[in-house]
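Shown below: structure-v1.txt, with compact mmCIF, C-alpha atoms and all ligand atoms.
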```txt
# COMPACT_ATOMS: atom_id res chain seq x y z
CA MET A 5 18.66 -21.68 -71.07
CA ASP A 6 20.19 -18.22 -70.88
CA PHE A 7 18.63 -15.51 -68.69
CA SER A 8 21.11 -12.78 -69.67
CA PHE A 9 20.21 -9.95 -72.00
CA THR A 10 22.31 -9.01 -75.01
CA GLU A 11 24.36 -5.82 -74.91
CA GLU A 12 21.83 -4.22 -77.26
CA GLN A 13 18.88 -5.18 -75.05
CA LYS A 14 20.66 -3.75 -71.99
CA MET A 15 21.43 -0.58 -73.91
CA ILE A 16 17.81 -0.14 -75.04
CA ARG A 17 16.54 -0.68 -71.50
CA LYS A 18 18.99 1.88 -70.12
CA MET A 19 18.13 4.38 -72.84
CA ALA A 20 14.39 3.98 -72.13
CA LYS A 21 14.97 4.21 -68.39
CA ASP A 22 17.13 7.34 -68.62
CA PHE A 23 14.63 8.99 -70.95
CA ALA A 24 11.63 8.01 -68.82
CA GLN A 25 13.14 9.24 -65.58
CA LYS A 26 14.42 12.49 -67.07
CA GLU A 27 11.58 13.42 -69.42
CA LEU A 28 8.43 11.54 -68.37
CA VAL A 29 8.52 11.40 -64.57
CA PRO A 30 8.57 15.23 -64.23
CA VAL A 31 5.41 15.65 -66.35
CA ALA A 32 3.42 12.48 -65.58
CA ALA A 33 1.39 13.87 -62.65
CA ARG A 34 0.54 17.07 -64.56
CA LEU A 35 -0.51 15.06 -67.62
CA ASP A 36 -2.77 12.95 -65.37
CA GLU A 37 -4.27 15.98 -63.61
CA THR A 38 -4.85 18.14 -66.67
CA SER A 39 -5.30 15.64 -69.53
CA ASP A 40 -3.36 18.21 -71.52
CA TYR A 41 -2.62 16.04 -74.53
CA SER A 42 0.04 18.45 -75.78
CA ILE A 43 2.23 17.07 -72.97
CA LEU A 44 1.60 13.55 -74.26
CA THR A 45 2.23 14.36 -77.91
CA ASN A 46 5.44 16.13 -76.91
CA ASN A 47 6.53 12.94 -75.10
CA LEU A 48 5.62 10.82 -78.12
CA LYS A 49 7.62 12.93 -80.56
CA LYS A 50 10.71 12.62 -78.39
CA MET A 51 10.16 8.87 -78.12
CA ALA A 52 9.86 8.58 -81.88
CA GLY A 53 13.27 10.24 -82.09
CA LEU A 54 14.64 7.47 -79.89
CA GLY A 55 13.18 4.70 -82.05
CA LEU A 56 10.55 3.68 -79.49
CA MET A 57 7.51 3.83 -81.77
CA GLY A 58 8.55 1.15 -84.26
CA MET A 59 10.63 -1.27 -82.27
CA ASN A 60 9.82 -4.33 -84.37
CA ILE A 61 9.95 -2.46 -87.66
CA PRO A 62 12.85 -2.84 -90.12
CA GLU A 63 15.11 0.15 -90.62
CA GLU A 64 14.07 0.47 -94.28
CA TYR A 65 10.65 1.63 -93.02
CA GLY A 66 12.12 3.87 -90.34
CA GLY A 67 11.93 1.46 -87.41
CA SER A 68 14.59 0.45 -84.93
CA GLN A 69 13.99 -3.34 -85.21
CA VAL A 70 15.42 -4.22 -81.85
CA GLY A 71 13.10 -7.17 -81.23
CA SER A 72 10.30 -8.06 -78.86
CA ILE A 73 12.48 -8.59 -75.78
CA ALA A 74 14.02 -5.11 -76.02
CA TYR A 75 10.53 -3.76 -76.73
CA SER A 76 9.18 -5.36 -73.56
CA LEU A 77 12.06 -4.01 -71.46
CA ALA A 78 11.61 -0.51 -72.87
CA MET A 79 7.84 -0.66 -72.34
CA THR A 80 8.31 -1.56 -68.67
CA GLU A 81 10.60 1.44 -68.20
CA ILE A 82 8.17 3.83 -69.93
CA GLY A 83 5.27 2.27 -67.97
CA LYS A 84 7.11 2.89 -64.69
CA ALA A 85 7.21 6.57 -65.48
CA CYS A 86 3.93 7.35 -67.25
CA ALA A 87 1.27 4.77 -68.07
CA SER A 88 -0.62 7.14 -70.37
CA THR A 89 2.44 7.58 -72.53
CA ALA A 90 3.23 3.86 -72.39
CA VAL A 91 -0.20 2.75 -73.61
CA THR A 92 0.09 5.11 -76.57
CA MET A 93 3.50 3.64 -77.36
CA SER A 94 2.03 0.14 -77.12
CA VAL A 95 -0.90 0.76 -79.45
CA THR A 96 1.21 2.68 -81.97
CA ASN A 97 3.82 -0.09 -82.11
CA MET A 98 0.97 -2.56 -82.62
CA VAL A 99 -0.50 -0.50 -85.48
CA ASN A 100 2.93 -0.34 -87.10
CA GLU A 101 3.33 -4.09 -86.78
CA VAL A 102 -0.08 -4.89 -88.23
CA ILE A 103 0.64 -2.73 -91.27
CA LEU A 104 4.08 -4.33 -91.62
CA GLU A 105 2.60 -7.80 -91.48
CA PHE A 106 -0.50 -7.39 -93.60
CA GLY A 107 -0.11 -4.13 -95.51
CA THR A 108 0.76 -3.64 -99.16
CA GLU A 109 4.16 -2.19 -99.98
CA GLU A 110 2.46 1.15 -100.67
CA GLN A 111 0.71 1.10 -97.26
CA LYS A 112 3.95 0.24 -95.52
CA ARG A 113 5.82 3.07 -97.23
CA THR A 114 3.00 5.55 -96.65
CA TYR A 115 2.22 5.01 -92.98
CA ILE A 116 4.99 3.19 -91.14
CA PRO A 117 7.80 5.77 -91.62
CA ARG A 118 5.43 8.53 -90.47
CA LEU A 119 4.45 6.66 -87.31
CA CYS A 120 8.06 5.75 -86.57
CA SER A 121 9.38 9.29 -87.08
CA GLY A 122 6.70 11.03 -85.02
CA GLU A 123 5.32 12.94 -88.02
CA TYR A 124 2.22 10.92 -87.13
CA VAL A 125 2.21 10.96 -83.32
CA ALA A 126 -0.01 7.93 -82.81
CA GLY A 127 -1.90 5.16 -84.56
CA CYS A 128 -5.25 3.76 -83.39
CA PHE A 129 -6.75 0.29 -83.28
CA GLY A 130 -10.50 0.45 -83.93
CA LEU A 131 -12.09 -2.84 -82.97
CA THR A 132 -14.46 -2.37 -80.01
CA GLU A 133 -18.09 -1.30 -80.41
CA SER A 134 -20.74 -0.52 -77.82
CA SER A 135 -22.27 -3.98 -78.18
CA ALA A 136 -19.10 -5.82 -79.23
CA GLY A 137 -16.30 -5.74 -76.65
CA SER A 138 -15.00 -9.13 -75.58
CA ASP A 139 -16.80 -10.59 -78.58
CA PRO A 140 -15.73 -8.49 -81.56
CA LEU A 141 -17.65 -10.81 -83.89
CA GLY A 142 -20.78 -9.02 -82.71
CA MET A 143 -19.67 -5.83 -84.44
CA LYS A 144 -22.12 -3.88 -86.60
CA ALA A 145 -19.94 -1.37 -88.48
CA THR A 146 -20.04 -2.15 -92.19
CA ALA A 147 -17.99 -1.47 -95.28
CA VAL A 148 -19.75 -1.84 -98.61
CA ARG A 149 -17.89 -2.09 -101.89
CA ASP A 150 -18.75 0.85 -104.13
CA GLY A 151 -16.91 1.21 -107.45
CA ASP A 152 -13.19 1.49 -106.76
CA GLY A 153 -13.63 1.92 -103.04
CA TYR A 154 -15.65 1.11 -99.92
CA VAL A 155 -18.19 3.07 -97.92
CA ILE A 156 -17.89 2.66 -94.15
CA ASN A 157 -20.75 3.21 -91.70
CA GLY A 158 -20.90 2.59 -87.97
CA SER A 159 -19.14 3.54 -84.78
CA LYS A 160 -16.46 2.29 -82.42
CA ILE A 161 -15.93 3.06 -78.75
CA PHE A 162 -12.98 3.27 -76.34
CA ILE A 163 -10.46 3.99 -79.09
CA THR A 164 -7.09 4.93 -77.60
CA SER A 165 -5.53 8.08 -79.09
CA ALA A 166 -8.34 8.78 -81.58
CA GLU A 167 -8.27 12.48 -80.70
CA TYR A 168 -4.71 13.07 -81.90
CA GLY A 169 -3.97 9.77 -83.64
CA ASN A 170 -3.39 10.27 -87.34
CA ILE A 171 -4.68 6.94 -88.61
CA VAL A 172 -7.06 4.30 -87.36
CA ILE A 173 -7.28 0.70 -88.44
CA VAL A 174 -10.99 0.04 -88.37
CA TRP A 175 -12.63 -3.37 -88.41
CA THR A 176 -15.92 -3.74 -90.31
CA VAL A 177 -18.39 -6.35 -91.55
CA THR A 178 -18.00 -6.86 -95.29
CA ASN A 179 -19.90 -10.11 -95.70
CA LYS A 180 -23.03 -10.71 -93.63
CA GLU A 181 -23.84 -13.99 -95.37
CA VAL A 182 -21.01 -16.06 -93.90
CA LYS A 183 -19.87 -16.92 -90.38
CA ARG A 184 -18.68 -13.66 -88.88
CA ASP A 185 -15.05 -14.71 -88.50
CA LYS A 186 -14.95 -15.07 -92.29
CA GLY A 187 -16.74 -11.80 -93.01
CA LEU A 188 -14.69 -8.97 -91.44
CA SER A 189 -12.34 -6.59 -93.22
CA ALA A 190 -9.99 -3.94 -91.88
CA PHE A 191 -9.23 -0.54 -93.39
CA ILE A 192 -6.65 2.14 -92.72
CA VAL A 193 -8.49 5.45 -92.37
CA GLU A 194 -6.74 8.80 -91.99
CA ARG A 195 -8.08 11.38 -89.55
CA GLY A 196 -9.69 14.11 -91.64
CA THR A 197 -11.25 11.70 -94.14
CA PRO A 198 -14.78 13.03 -94.84
CA GLY A 199 -17.36 11.05 -92.85
CA TYR A 200 -14.87 10.04 -90.14
CA ALA A 201 -15.57 11.87 -86.85
CA VAL A 202 -13.96 11.65 -83.42
CA GLY A 203 -16.19 12.09 -80.35
CA LYS A 204 -15.26 13.50 -76.98
CA SER A 205 -12.71 11.87 -74.74
CA GLU A 206 -14.07 9.55 -72.00
CA HIS A 207 -13.68 10.57 -68.33
CA LYS A 208 -11.65 7.67 -66.97
CA MET A 209 -10.48 6.35 -63.62
CA GLY A 210 -6.85 6.34 -64.71
CA GLN A 211 -4.50 6.77 -67.64
CA LYS A 212 -6.16 10.17 -67.95
CA GLY A 213 -3.31 11.53 -70.04
CA SER A 214 -4.27 9.26 -72.92
CA ALA A 215 -7.44 10.02 -74.87
CA THR A 216 -10.07 7.30 -75.26
CA ASN A 217 -12.76 8.27 -77.75
CA GLU A 218 -15.80 7.13 -79.60
CA ILE A 219 -15.33 7.37 -83.35
CA SER A 220 -17.97 7.26 -86.04
CA PHE A 221 -18.16 6.69 -89.76
CA THR A 222 -20.98 8.16 -91.79
CA ASP A 223 -20.82 7.25 -95.47
CA CYS A 224 -17.07 7.46 -95.10
CA ARG A 225 -15.57 6.63 -98.45
CA VAL A 226 -12.13 5.09 -98.67
CA SER A 227 -10.18 3.77 -101.61
CA ALA A 228 -9.76 0.01 -102.11
CA LYS A 229 -6.08 0.79 -101.50
CA ASN A 230 -6.99 1.36 -97.83
CA LEU A 231 -8.08 -2.26 -97.36
CA LEU A 232 -5.61 -3.90 -94.97
CA GLY A 233 -4.89 -7.49 -95.88
CA LYS A 234 -7.40 -9.57 -97.78
CA GLU A 235 -11.11 -8.82 -97.83
CA ASN A 236 -13.01 -10.84 -95.19
CA ASP A 237 -9.78 -11.95 -93.48
CA ALA A 238 -9.58 -9.33 -90.75
CA TYR A 239 -10.74 -11.36 -87.77
CA ARG A 240 -7.56 -13.41 -88.07
CA ILE A 241 -5.57 -10.17 -88.33
CA ALA A 242 -7.11 -8.80 -85.13
CA MET A 243 -6.49 -11.99 -83.17
CA MET A 244 -2.88 -12.23 -84.33
CA GLU A 245 -2.09 -8.62 -83.54
CA LEU A 246 -3.81 -8.64 -80.16
CA ALA A 247 -1.48 -11.46 -79.08
CA GLY A 248 1.52 -9.21 -79.75
CA GLY A 249 -0.25 -6.26 -78.12
CA ARG A 250 -0.66 -8.30 -74.94
CA ILE A 251 3.12 -8.45 -74.55
CA GLY A 252 3.10 -4.64 -74.59
CA ILE A 253 0.29 -4.30 -72.04
CA GLY A 254 1.76 -6.96 -69.72
CA SER A 255 5.13 -5.19 -69.83
CA LEU A 256 3.44 -1.85 -69.12
CA ALA A 257 1.58 -3.33 -66.13
CA VAL A 258 4.82 -4.73 -64.69
CA GLY A 259 6.26 -1.21 -64.98
CA ILE A 260 3.39 0.35 -63.02
CA GLY A 261 3.59 -2.37 -60.35
CA LEU A 262 7.34 -1.94 -59.96
CA ALA A 263 7.07 1.85 -59.78
CA ALA A 264 4.46 1.55 -57.03
CA MET A 265 6.42 -0.98 -55.00
CA GLU A 266 9.76 0.78 -55.39
CA PHE A 267 8.16 3.98 -54.12
CA ALA A 268 6.43 2.15 -51.27
CA THR A 269 9.61 0.33 -50.25
CA ALA A 270 11.63 3.55 -50.08
CA TYR A 271 8.77 5.13 -48.12
CA ALA A 272 8.67 2.23 -45.65
CA LYS A 273 12.34 2.77 -44.86
CA GLU A 274 11.69 6.43 -44.00
CA ARG A 275 8.29 6.33 -42.34
CA VAL A 276 8.58 5.98 -38.57
CA GLN A 277 5.77 4.64 -36.38
CA PHE A 278 6.04 3.14 -32.89
CA GLY A 279 9.56 4.55 -32.81
CA GLU A 280 10.99 2.72 -35.81
CA PRO A 281 10.74 2.59 -39.62
CA ILE A 282 7.67 0.65 -40.69
CA ALA A 283 10.00 -1.40 -42.96
CA ASN A 284 11.09 -3.16 -39.75
CA PHE A 285 7.64 -4.66 -39.31
CA GLU A 286 7.24 -8.14 -40.71
CA ALA A 287 3.78 -7.35 -42.09
CA ILE A 288 5.31 -4.69 -44.33
CA GLN A 289 8.24 -6.90 -45.32
CA TRP A 290 5.86 -9.63 -46.46
CA MET A 291 4.00 -7.23 -48.69
CA ILE A 292 7.30 -6.14 -50.20
CA ALA A 293 8.52 -9.74 -50.63
CA ASP A 294 5.25 -11.01 -52.14
CA SER A 295 4.89 -8.11 -54.57
CA PHE A 296 8.42 -8.17 -55.92
CA THR A 297 8.27 -11.97 -56.26
CA GLU A 298 5.03 -11.79 -58.23
CA LEU A 299 6.27 -8.95 -60.43
CA ASP A 300 9.45 -10.88 -61.16
CA ALA A 301 7.44 -13.96 -62.13
CA ALA A 302 5.21 -11.73 -64.27
CA GLN A 303 8.18 -10.26 -66.09
CA LEU A 304 9.61 -13.72 -66.77
CA LEU A 305 6.31 -14.87 -68.28
CA ILE A 306 6.13 -11.78 -70.47
CA LEU A 307 9.74 -12.11 -71.57
CA ARG A 308 9.14 -15.75 -72.51
CA ALA A 309 6.27 -14.67 -74.77
CA ALA A 310 8.48 -11.93 -76.23
CA TYR A 311 11.28 -14.46 -76.82
CA LEU A 312 8.92 -16.81 -78.68
CA LYS A 313 7.56 -13.97 -80.79
CA GLU A 314 11.05 -12.82 -81.63
CA LYS A 315 11.99 -16.36 -82.69
CA GLY A 316 8.91 -16.63 -84.91
CA MET A 317 7.43 -19.40 -82.75
CA PRO A 318 3.79 -19.69 -81.57
CA PHE A 319 3.28 -17.35 -78.62
CA ARG A 320 -0.46 -16.68 -78.34
CA LYS A 321 -1.09 -18.76 -75.23
CA GLU A 322 2.12 -17.51 -73.60
CA ALA A 323 1.22 -13.87 -74.35
CA SER A 324 -2.18 -14.39 -72.73
CA MET A 325 -0.59 -16.09 -69.72
CA GLY A 326 1.88 -13.22 -69.41
CA LYS A 327 -0.77 -10.52 -69.75
CA LEU A 328 -3.15 -12.26 -67.33
CA TYR A 329 -0.55 -12.83 -64.65
CA ALA A 330 1.29 -9.51 -65.08
CA THR A 331 -1.80 -7.32 -64.96
CA GLU A 332 -3.28 -9.15 -61.97
CA ALA A 333 0.07 -9.14 -60.12
CA ALA A 334 0.57 -5.44 -60.90
CA CYS A 335 -2.90 -4.62 -59.53
CA ARG A 336 -2.11 -6.53 -56.34
CA ALA A 337 1.25 -4.73 -56.06
CA CYS A 338 -0.35 -1.30 -56.46
CA ASP A 339 -2.94 -2.20 -53.83
CA LYS A 340 -0.19 -3.24 -51.42
CA ALA A 341 1.74 -0.06 -52.19
CA VAL A 342 -1.29 2.01 -51.14
CA GLN A 343 -1.49 -0.08 -47.97
CA ILE A 344 2.16 0.53 -47.14
CA LEU A 345 1.72 4.29 -47.53
CA GLY A 346 -1.40 4.27 -45.38
CA GLY A 347 -3.43 7.47 -45.83
CA TYR A 348 -0.63 8.94 -47.92
CA GLY A 349 -1.28 6.23 -50.47
CA TYR A 350 -4.75 7.62 -51.02
CA VAL A 351 -3.86 11.24 -51.76
CA SER A 352 -2.44 12.63 -54.97
CA GLU A 353 0.54 14.23 -53.23
CA TYR A 354 2.27 10.88 -53.76
CA PRO A 355 2.33 9.01 -57.10
CA VAL A 356 1.05 5.72 -55.66
CA GLU A 357 -2.54 6.98 -55.88
CA ARG A 358 -2.04 7.51 -59.64
CA PHE A 359 -0.36 4.12 -60.11
CA TYR A 360 -3.33 2.46 -58.39
CA ARG A 361 -5.78 4.14 -60.79
CA ASP A 362 -3.57 3.68 -63.86
CA VAL A 363 -3.01 -0.04 -63.40
CA ARG A 364 -6.65 -1.08 -63.17
CA VAL A 365 -7.47 -0.87 -66.85
CA THR A 366 -4.66 -3.24 -67.80
CA ARG A 367 -6.95 -6.09 -66.69
CA LEU A 368 -9.60 -4.85 -69.11
CA TYR A 369 -8.17 -3.64 -72.40
CA GLU A 370 -6.60 -5.82 -75.09
CA GLY A 371 -8.79 -8.58 -73.70
CA THR A 372 -10.04 -8.83 -70.12
CA SER A 373 -8.50 -11.32 -67.69
CA GLU A 374 -11.47 -13.61 -68.35
CA ILE A 375 -10.80 -13.54 -72.08
CA GLN A 376 -7.10 -14.34 -71.49
CA ARG A 377 -8.23 -17.35 -69.47
CA LEU A 378 -10.47 -18.43 -72.36
CA VAL A 379 -7.55 -18.19 -74.81
CA ILE A 380 -5.26 -20.13 -72.47
CA ALA A 381 -7.81 -22.82 -71.67
CA LYS A 382 -8.82 -23.26 -75.31
CA THR A 383 -5.20 -23.81 -76.35
CA ILE A 384 -4.53 -26.22 -73.48
CA LEU A 385 -7.73 -28.18 -74.15
CA ASN A 386 -6.57 -28.54 -77.76
CA GLU A 387 -3.04 -29.54 -76.76
CA VAL A 388 -3.68 -31.99 -73.95
CA GLY A 389 -4.23 -35.60 -74.98
CA LYS A 390 -2.85 -35.11 -78.50
C1 LIG B 1 -9.10 2.93 -71.47
C2 LIG B 1 -9.51 1.95 -72.52
C3 LIG B 1 -8.85 1.94 -73.74
C4 LIG B 1 -9.24 1.05 -74.74
N1 LIG B 1 -8.62 1.11 -75.96
C5 LIG B 1 -9.12 0.39 -76.99
C6 LIG B 1 -8.61 0.57 -78.31
O1 LIG B 1 -7.68 1.34 -78.56
N2 LIG B 1 -9.19 -0.14 -79.33
C7 LIG B 1 -10.22 -0.99 -79.11
O2 LIG B 1 -10.70 -1.58 -80.09
N3 LIG B 1 -10.73 -1.19 -77.87
C8 LIG B 1 -10.21 -0.51 -76.81
N4 LIG B 1 -10.72 -0.68 -75.54
C9 LIG B 1 -11.81 -1.61 -75.34
C10 LIG B 1 -11.45 -2.84 -74.53
O3 LIG B 1 -10.63 -3.69 -75.27
C11 LIG B 1 -12.75 -3.48 -74.07
O4 LIG B 1 -13.31 -2.63 -73.07
C12 LIG B 1 -12.57 -4.88 -73.54
O5 LIG B 1 -12.20 -5.76 -74.58
C13 LIG B 1 -13.82 -5.42 -72.84
O6 LIG B 1 -14.96 -5.20 -73.59
P1 LIG B 1 -16.25 -4.53 -72.89
O7 LIG B 1 -15.78 -3.32 -72.20
O8 LIG B 1 -17.30 -4.39 -73.90
O9 LIG B 1 -16.68 -5.57 -71.79
P2 LIG B 1 -17.64 -6.91 -71.99
O10 LIG B 1 -17.18 -7.63 -73.18
O11 LIG B 1 -19.05 -6.40 -71.96
O12 LIG B 1 -17.31 -7.68 -70.70
C14 LIG B 1 -17.90 -7.41 -69.43
C15 LIG B 1 -17.45 -8.49 -68.45
O13 LIG B 1 -17.89 -9.77 -68.91
C16 LIG B 1 -16.78 -10.65 -69.02
N5 LIG B 1 -16.97 -11.57 -70.12
C17 LIG B 1 -17.34 -11.28 -71.39
N6 LIG B 1 -17.39 -12.39 -72.13
C18 LIG B 1 -17.04 -13.41 -71.31
C19 LIG B 1 -16.90 -14.84 -71.47
N7 LIG B 1 -17.10 -15.43 -72.65
N8 LIG B 1 -16.52 -15.57 -70.41
C20 LIG B 1 -16.28 -14.98 -69.21
N9 LIG B 1 -16.41 -13.66 -68.99
C21 LIG B 1 -16.77 -12.88 -70.03
C22 LIG B 1 -15.58 -9.73 -69.24
O14 LIG B 1 -14.36 -10.35 -68.91
C23 LIG B 1 -15.94 -8.57 -68.32
O15 LIG B 1 -15.58 -8.91 -67.01
C24 LIG B 1 -10.31 0.15 -74.51
C25 LIG B 1 -10.95 0.16 -73.27
C26 LIG B 1 -10.58 1.03 -72.30
C27 LIG B 1 -11.32 1.02 -70.99
```
As a first step, turn the structure in this file into structure tokens.
Ligand SMILES: Cc1cc2nc3c(=O)[nH]c(=O)nc-3n(C[C@H](O)[C@H](O)[C@H](O)COP(=O)(O)OP(=O)(O)OC[C@H]3O[C@@H](n4cnc5c(N)ncnc54)[C@H](O)[C@@H]3O)c2cc1C
Amino acid sequence: MDFSFTEEQKMIRKMAKDFAQKELVPVAARLDETSDYSILTNNLKKMAGLGLMGMNIPEEYGGSQVGSIAYSLAMTEIGKACASTAVTMSVTNMVNEVILEFGTEEQKRTYIPRLCSGEYVAGCFGLTESSAGSDPLGMKATAVRDGDGYVINGSKIFITSAEYGNIVIVWTVTNKEVKRDKGLSAFIVERGTPGYAVGKSEHKMGQKGSATNEISFTDCRVSAKNLLGKENDAYRIAMMELAGGRIGIGSLAVGIGLAAMEFATAYAKERVQFGEPIANFEAIQWMIADSFTELDAAQLLILRAAYLKEKGMPFRKEASMGKLYATEAACRACDKAVQILGGYGYVSEYPVERFYRDVRVTRLYEGTSEIQRLVIAKTILNEVGK
């Protein structure tokens, strides 16, 4: 077993870190306060230039193809600096990967190079509906075959980047007569397609620099060429891609947790109470020790999932374990960071208040912690005793 990174992985991590500290840290608080998405799209274009938007995409489609481990390391560095930017990077990489895996050659050549180059600043993943969150099989949006195309009707909620994202992959019911997992199809829909509308951005607790919108389809006609993968096979596509997405979100959460604890640790060394730095108090040291230990364990779990994915081995359970543990550990770390800063942890003068808000959603999106536990338990129950 080898815990060392390759020279390329170290280089990618350093590049992402240098970029994040120089370009993202100075604008992250303003992006959070103002939700001025032009700041975000500016970040994304620069990141595309560095190859960060298609990290598992072959060069022939404009990607940097550095592998899942390097992707995870880069995501943690971007997440440390600006969670809103990091989640957009995560979803866009996922959209690129789903098109790479299931798209036709024409779809790959049409969309992937644009998403990788920044010509298209973001891609969107349109699965969730108001009555179908953890259970996407309850979705109601439909696509009906009509001549040489399909007509889509229905709506989706909580769609990251819909406001400025150039394409959305939308999941729909195409066969109501069969079990739902055999009756869903996915389509690539471009923003601006008649009948496709983007609603207002949600007011969120955190990650306020990333838009989260409702989207709707009203007799939205798309060509059969926009079908992604085989008709009625899209539930499998969603489940496969979400596993990869969980590596991204777990890595992002580790980044937020580390940023919070690194800030809090430096603060503890400076902050004097009872005549000495609070870092001298054992209670504070234990919070530091526990948090960094948990974040380290979280990163190892995530990197194991990334390693398996990179090797083409099964990684679904491991990705869920990584996401579950990383997001919960990162939330605990951010909570402790607030505690270490005392009242200063609660005001926006210091970034820990933002980290605390930003980290919370990582336990919800791309599958809640409860859903990760279901995935893990289901796999183990199948494995044990065989
Ligand atoms: C900021 C943000 C961005 C998002 N971005 C996207 C996006 O880009 N694309 C997209 O498609 N979706 C997106 N989502 C949606 C997100 O994936 C869902 O919110 C999430 O899957 C949970 O669904 P829900 O909110 O409907 O909660 P519910 O499914 O209603 O769950 C409510 C509670 O019940 C629990 N629960 C549900 N079922 C079970 C069960 N079987 N066993 C135990 N507990 C259970 C859940 O864990 C949760 O605690 C986003 C959400 C947010 C908040």
Practice problem: Name the residues in contact with stretch 358-363 of chain A at a cut-off of 8 Å, using only C-alpha atoms, excluding same-chain residues fewer than 4 positions from it; report them as a ChimeraX atom specification. | Solution: /A:33,36,87-88,209-211,257,260-261,263-264,331,334-335,338-339,342,352,367
Quiz prompt | Nearby polymer residues, ligand LIG 1 (chain B), at most 6 Å, only C-alpha atoms and all ligand atoms, as a PyMOL selection string | solution = chain A and resi 128-132+136-138+162-164+216+365+368-372+374-375
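In this comparison, which uses all atoms listed in the file, the residue of A:Ala228, A:Ala330, A:Val276, A:Ile380 approaching A:Gly254 most closely is A:Ala330.
Using only C-alpha atoms, the smallest distance between any of A:Leu188, A:Leu246, A:Leu56, A:Val226 and A:Gly151 comes from A:Val226.
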Quiz item: What would the list of residues within 7 Å of (5.8, -14.9, -70.1) (file frame) look like as a PyMOL selection string, if all atoms listed in the file are what count?
Solution: chain A and resi 302-309+322-323+325-326
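If you look at atom CA of A:Asp152 and atom CA of A:Glu194, they are 17.7 Å away from each other.
Distance annotation: of A:Ser255, A:Asn157, A:Ser42, A:Gln289, the residue with the minimal separation from A:Ser72 is A:Ser255; atom set is only C-alpha atoms.
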Practice problem: Tell me, as a list in words, which residues lie within 7 Å of stretch 83-85 of chain A, counting all atoms listed in the file; anything in the same chain fewer than 4 positions away does not count. | Solution: Ala24, Gln25, Leu28, Val29, Met79, Ala90, Leu256, Ala257, Gly259, Ile260, Leu262 and Ala263 of chain A
Those same residues, written as a compact mmCIF listing (two decimals), in the coordinates of the input with C-alpha atoms?
```txt
# COMPACT_ATOMS: atom_id res chain seq x y z
CA ALA A 24 11.63 8.01 -68.82
CA GLN A 25 13.14 9.24 -65.58
CA LEU A 28 8.43 11.54 -68.37
CA VAL A 29 8.52 11.40 -64.57
CA MET A 79 7.84 -0.66 -72.34
CA ALA A 90 3.23 3.86 -72.39
CA LEU A 256 3.44 -1.85 -69.12
CA ALA A 257 1.58 -3.33 -66.13
CA GLY A 259 6.26 -1.21 -64.98
CA ILE A 260 3.39 0.35 -63.02
CA LEU A 262 7.34 -1.94 -59.96
CA ALA A 263 7.07 1.85 -59.78
```
Exercise. One decimal, Å: what's the distance from atom CA of A:Pro198 over to atom CA of A:Val102, could you say?
Key: 24.1 Å
Quiz item: With only C-alpha atoms as the basis for distance, which of A:Lys229, A:Lys340, A:Arg250, A:Arg184 is at the shortest distance from A:Phe267?
Solution: A:Lys340
Self-check item: Shortest interatomic distance to A:Ala333 - which of A:Ala310, A:Gly316, A:Asp300, A:Glu353, counting only C-alpha atoms
Solution: A:Asp300
Quiz item: So, counting only C-alpha atoms, which residue among A:Ile384, A:Leu378, A:Val148, A:Ala293 is closest to A:Ala341?
Solution: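 Comparing A:Ile384, A:Leu378, A:Val148, A:Ala293 against A:Ala341, the winner is A:Ala293.
Coordinates place atom CA of A:Val258 at a distance of 16.4 Å from atom CA of A:Glu357.
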Exercise. Can you pull out every residue within 9 Å of stretch 167-176 of chain A, counting only C-alpha atoms, but drop anything in the same chain fewer than 5 positions away, and send it as an MDAnalysis selection string?
Key: chainID A and resid 41 45 96 99 115 119 124:132 143:147 156:158 160 187:196 202:205 215:217 232 238:239 242
Practice problem: Show me as a ChimeraX atom specification the residues that reach within 7 Å of (-16.2, 3.3, -84.1), counting only C-alpha atoms and using the file's own coordinates. | Solution: /A:130,133,158-161,218-221
Please define a box with edges along x, y and z of the file around all atoms of stretch 84-93 of chain A given in the file, extend it by 8 Å on each side, and return its centre and edge lengths in Å to one decimal, as JSON.
```
{"center_x": 3.3, "center_y": 5.2, "center_z": -71.0, "size_x": 23.8, "size_y": 20.8, "size_z": 28.7}
```
Can you list, as a compact mmCIF listing (two decimals) with C-alpha atoms, in the coordinates of the input, every protein, DNA or RNA residue that comes within 12 Å of A:Ala52 when you count all atoms listed in the file, leaving out same-chain residues fewer than 6 positions away?
```txt
# COMPACT_ATOMS: atom_id res chain seq x y z
CA ALA A 20 14.39 3.98 -72.13
CA PHE A 23 14.63 8.99 -70.95
CA THR A 45 2.23 14.36 -77.91
CA ASN A 46 5.44 16.13 -76.91
CA GLY A 58 8.55 1.15 -84.26
CA MET A 59 10.63 -1.27 -82.27
CA GLY A 66 12.12 3.87 -90.34
CA GLY A 67 11.93 1.46 -87.41
CA SER A 68 14.59 0.45 -84.93
CA THR A 89 2.44 7.58 -72.53
CA THR A 92 0.09 5.11 -76.57
CA MET A 93 3.50 3.64 -77.36
CA THR A 96 1.21 2.68 -81.97
CA ASN A 97 3.82 -0.09 -82.11
CA ILE A 116 4.99 3.19 -91.14
CA PRO A 117 7.80 5.77 -91.62
CA ARG A 118 5.43 8.53 -90.47
CA LEU A 119 4.45 6.66 -87.31
CA CYS A 120 8.06 5.75 -86.57
CA SER A 121 9.38 9.29 -87.08
CA GLY A 122 6.70 11.03 -85.02
CA GLU A 123 5.32 12.94 -88.02
CA TYR A 124 2.22 10.92 -87.13
CA VAL A 125 2.21 10.96 -83.32
CA ALA A 126 -0.01 7.93 -82.81
```
